[in-house]
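This report concerns only the one structure given below.
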Amino acid sequence: MDATALARWQFAITTVYHFLFVPITIGMSLIVACFHLMWVRTHKPEWLRLTKFFGKLFLINFALGLVTGIVQEFQFGMNWSDYSRFVGDIFGAPLAFEALLAFFLESTFLGIWIFGWGRIPEKLHMLTMWLTHIGTVLSAYFILAANSFMQNPVGFKFNPDTGRAEMADFLAVLTNKVQLVTFPHVITSSYMTGGAVVMGVALWLLMKHRDTQDAAMYRKATRIGAWVSLVASILVIVTGDIQGKIMTEVQPMKMAAAEAIYETKTNAPFSILSIGSLDGTEATRIIEVPGLLSFLATGSFDGEVMGINDAREAERALAAKVADQYGPEVGALVQDETYTPIIPLTYWTFRLMMGLGFVSTFLSLMVLWATRGGRTPQGWFYKQAAIWNPLLPVLAISFGWIFTEIGRQPWIVYGLMTTASGVSPRVSAGEVLTSMIVYTLVYAVLAVIEVKLFLTYVKRGADPFEEPKAPSDQDEDAPLQFAY
């Protein structure tokens, strides 16, 4: 493979690995903040125990997400220098806001939450976790704004003297119509994931401690997690439907590739299963729902959905228009032979995203039914639900992001710059391969550490209740300490 292909693989590996932690961080920070709020309001021991227990699991996930996220920004300079040179003025602005505002907010107040037990007033201490959650949400907003620019470039002007795209309207970047639908979709899917993690962990502990006094506490946590995941999954469906229509508007090729539909159609069907030809020029539908794709794309069962062949010609026309508008220097950045993503990959990641999400929603419903009226579920099915439900939405989101990024290809910035044009010209394939192997091995070690720590503290369960000390009872000269 050449340097471009290797750089894409490296970015895919590190980004997907990092994003495994992001939705859990966002979702669990909300639930831990709610548990802490309930402790402050009621002072019932169960709420403090749940706060500290799930707070530990949240911190383990947050630490691994932090470590793996740092690598992402280095790659823009190492492997994608031409991309950074051309659109760095726009792309870098929301990332700077994310680091200087959102990340500092969440990390600072998380530190206060960790060390603040018994040292600051309990209401102020509880507020720090809510501010941590707000920081994670703001962080997601700014990062998604940068990504949305890549999906639908707005708020820029081309400077022919420097040969670069420059910021013209930062507000337009932050309110990009792709951003306005992507952000709620990602946040609600993160809440779905956080709820699924809490539900799965609490359900496993509920079945383990079914005959102890802790059963009622774990049942309550199980139902809270299941309700959060269920309600969020409904919002995911609603926001995903809106996002699909915006996606069809700004990137018709992506929707065509998601369905592997080659010819433009009205009343276009949605296929549950499709087999493609060896040369990739057509697809045979085996199981399909008439008119559903048209509804997903346009809001009407009779709506027209552009096929891959017409979308390919539309992207060629877009490239020609950009070349005429900005001149030969930019024209060289938009040239590609196919203007078509990898169809089987976009087709199946789109279905895996939806399918795994629906399975997770079904499991949440089943758990709510099984725990109603003080009941405790038992048997093989619910043991599997406890194990797999925390993983299903994480995998669904990961497949969703793979679809989002693969479906945009061959563009790194849609209609403005191809991926092949953005790679660093003086970085060899061997150098990229070496760094990719090193990062992958390091991430594998971190994965082992993460899973070991997470499972260790899950097996321990919630610590026994211990009445927290008042700030007046603390030794102000005692050093701050934090350890598991």
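By convention in this document, the chains of the structure tokens carry letters A, B, ... by their order, each chain's residues are numbered from 1, and ligands are numbered from 1 in the order they are shown.
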inquiry  = Report as a PyMOL selection string all protein, DNA and RNA residues lying within 7 Å of stretch 135-149 of chain A, evaluated on only C-alpha atoms, omitting residues in the same chain fewer than 5 positions from it.
reply    = chain A and resi 26+91+94-95+97-98+102-103+105-106+154+173-174+176+178-179+183
Take the residues just selected and output them with N, CA and C atoms as an mmCIF file, in the first residue's frame.
data_model
loop_
_atom_site.group_PDB
_atom_site.id
_atom_site.type_symbol
_atom_site.label_atom_id
_atom_site.label_comp_id
_atom_site.auth_asym_id
_atom_site.auth_seq_id
_atom_site.Cartn_x
_atom_site.Cartn_y
_atom_site.Cartn_z
ATOM 1 N N ILE A 26 -19.623 10.763 27.583
ATOM 2 C CA ILE A 26 -20.720 11.740 27.558
ATOM 3 C C ILE A 26 -21.941 11.197 28.293
ATOM 4 N N PHE A 91 -10.583 24.545 9.850
ATOM 5 C CA PHE A 91 -10.682 23.316 10.625
ATOM 6 C C PHE A 91 -10.076 23.471 12.022
ATOM 7 N N PRO A 94 -12.457 25.493 15.404
ATOM 8 C CA PRO A 94 -13.285 24.776 16.391
ATOM 9 C C PRO A 94 -12.483 23.824 17.258
ATOM 10 N N LEU A 95 -11.395 23.253 16.722
ATOM 11 C CA LEU A 95 -10.553 22.381 17.541
ATOM 12 C C LEU A 95 -9.853 23.178 18.636
ATOM 13 N N PHE A 97 -11.089 25.902 20.061
ATOM 14 C CA PHE A 97 -12.127 26.161 21.058
ATOM 15 C C PHE A 97 -12.376 24.925 21.914
ATOM 16 N N GLU A 98 -12.343 23.760 21.282
ATOM 17 C CA GLU A 98 -12.566 22.520 22.035
ATOM 18 C C GLU A 98 -11.493 22.329 23.096
ATOM 19 N N ALA A 102 -13.742 23.793 26.096
ATOM 20 C CA ALA A 102 -14.495 22.616 26.525
ATOM 21 C C ALA A 102 -13.628 21.635 27.316
ATOM 22 N N PHE A 103 -12.449 21.285 26.774
ATOM 23 C CA PHE A 103 -11.625 20.289 27.455
ATOM 24 C C PHE A 103 -11.128 20.805 28.804
ATOM 25 N N LEU A 105 -12.620 22.939 30.655
ATOM 26 C CA LEU A 105 -13.779 22.973 31.537
ATOM 27 C C LEU A 105 -14.026 21.603 32.152
ATOM 28 N N GLU A 106 -14.100 20.583 31.306
ATOM 29 C CA GLU A 106 -14.429 19.257 31.829
ATOM 30 C C GLU A 106 -13.302 18.686 32.685
ATOM 31 N N VAL A 154 -18.548 25.324 4.590
ATOM 32 C CA VAL A 154 -19.221 26.628 4.578
ATOM 33 C C VAL A 154 -18.346 27.607 5.345
ATOM 34 N N VAL A 173 -19.714 28.282 10.321
ATOM 35 C CA VAL A 173 -19.106 26.973 10.575
ATOM 36 C C VAL A 173 -19.786 26.299 11.761
ATOM 37 N N LEU A 174 -20.058 27.075 12.805
ATOM 38 C CA LEU A 174 -20.671 26.503 14.007
ATOM 39 C C LEU A 174 -22.144 26.160 13.804
ATOM 40 N N ASN A 176 -23.448 25.229 10.737
ATOM 41 C CA ASN A 176 -23.565 24.425 9.521
ATOM 42 C C ASN A 176 -24.789 23.511 9.653
ATOM 43 N N VAL A 178 -25.365 20.660 8.499
ATOM 44 C CA VAL A 178 -24.959 19.300 8.818
ATOM 45 C C VAL A 178 -24.652 19.185 10.312
ATOM 46 N N GLN A 179 -23.999 20.206 10.860
ATOM 47 C CA GLN A 179 -23.684 20.227 12.282
ATOM 48 C C GLN A 179 -24.950 20.217 13.143
ATOM 49 N N PHE A 183 -25.004 16.942 15.600
ATOM 50 C CA PHE A 183 -24.775 17.092 17.039
ATOM 51 C C PHE A 183 -25.857 16.415 17.886
#
query = So which residues touch A:Ala215 within 9 Å, counting only C-alpha atoms, skipping near sequence neighbours fewer than 5 positions away, as a PyMOL selection string?
reply = chain A and resi 205-210+220+376
message = Among stretch 132-350 of chain A, which ones does DSSP assign to alpha helix (DSSP H) (computed from the backbone)? Answer as a ChimeraX atom specification.
response = /A:132-151,170-174,177-208,215-250,252-259,292-298,308-326,328-331,343-350
message = Residues near stretch 355-361 of chain A, anyone? I mean within 9 Å using only C-alpha atoms, not counting same-chain ones fewer than 3 positions away, as a PyMOL selection string.
response = chain A and resi 192+196+226+229-230+233-234+350-352+364-366+385+388-393+395-397
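Note that the spacing between atom CA of A:Ile70 and atom CA of A:Ile187 amounts to 21.1 Å.
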ask   = If you run DSSP on this backbone, which residues of stretch 334-446 of chain A come out as strand (DSSP E), and could you give them as a PyMOL selection string?
value = chain A and resi 411-413+417-418
request  = Compare A:Thr440, A:Ser190, A:Thr298, A:Thr456 by their minimum atom-to-atom distance to A:Gln10, counting only C-alpha atoms, and give me the closest one.
outcome  =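 Nearest to A:Gln10: A:Thr440.
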message = Show me, as a PyMOL selection string, the residues that have an atom within 12 Å of A:Met38 when counting only C-alpha atoms, minus same-chain residues fewer than 5 positions from it.
response = chain A and resi 31-33+43-51+122-123+126
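Rounded to one decimal, atom CA of A:Gly299 and atom CA of A:Gly240 lie 12.6 Å from each other.
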inquiry  = Taking 6 positions as the minimum chain separation for residues in the same chain, which residues sit within 9 Å of stretch 241-250 of chain A when counting only C-alpha atoms? Answer as a list of chain:residue names.
reply    = A:Gln151, A:Asn152, A:Lys177, A:Val178, A:Leu180, A:Val181, A:Thr182, A:His185, A:Ala256, A:Phe295, A:Leu296, A:Ala297, A:Thr298, A:Gly299, A:Val305, A:Met306
inquiry  = Residues near A:Ser398, anyone? I mean within 12 Å using only C-alpha atoms, not counting same-chain ones fewer than 3 positions away, as a ChimeraX atom specification.
reply    = /A:12-13,15-23,186,189-190,193,349-350,352-354,356-357,391-395,401-405
request  = Skip A:Leu453 itself and residues of its chain fewer than 3 positions away, then list as an MDAnalysis selection string all residues within 12 Å of it, counting only C-alpha atoms.
outcome  = chainID A and resid 56:61 63:64 446:450 456:460 484
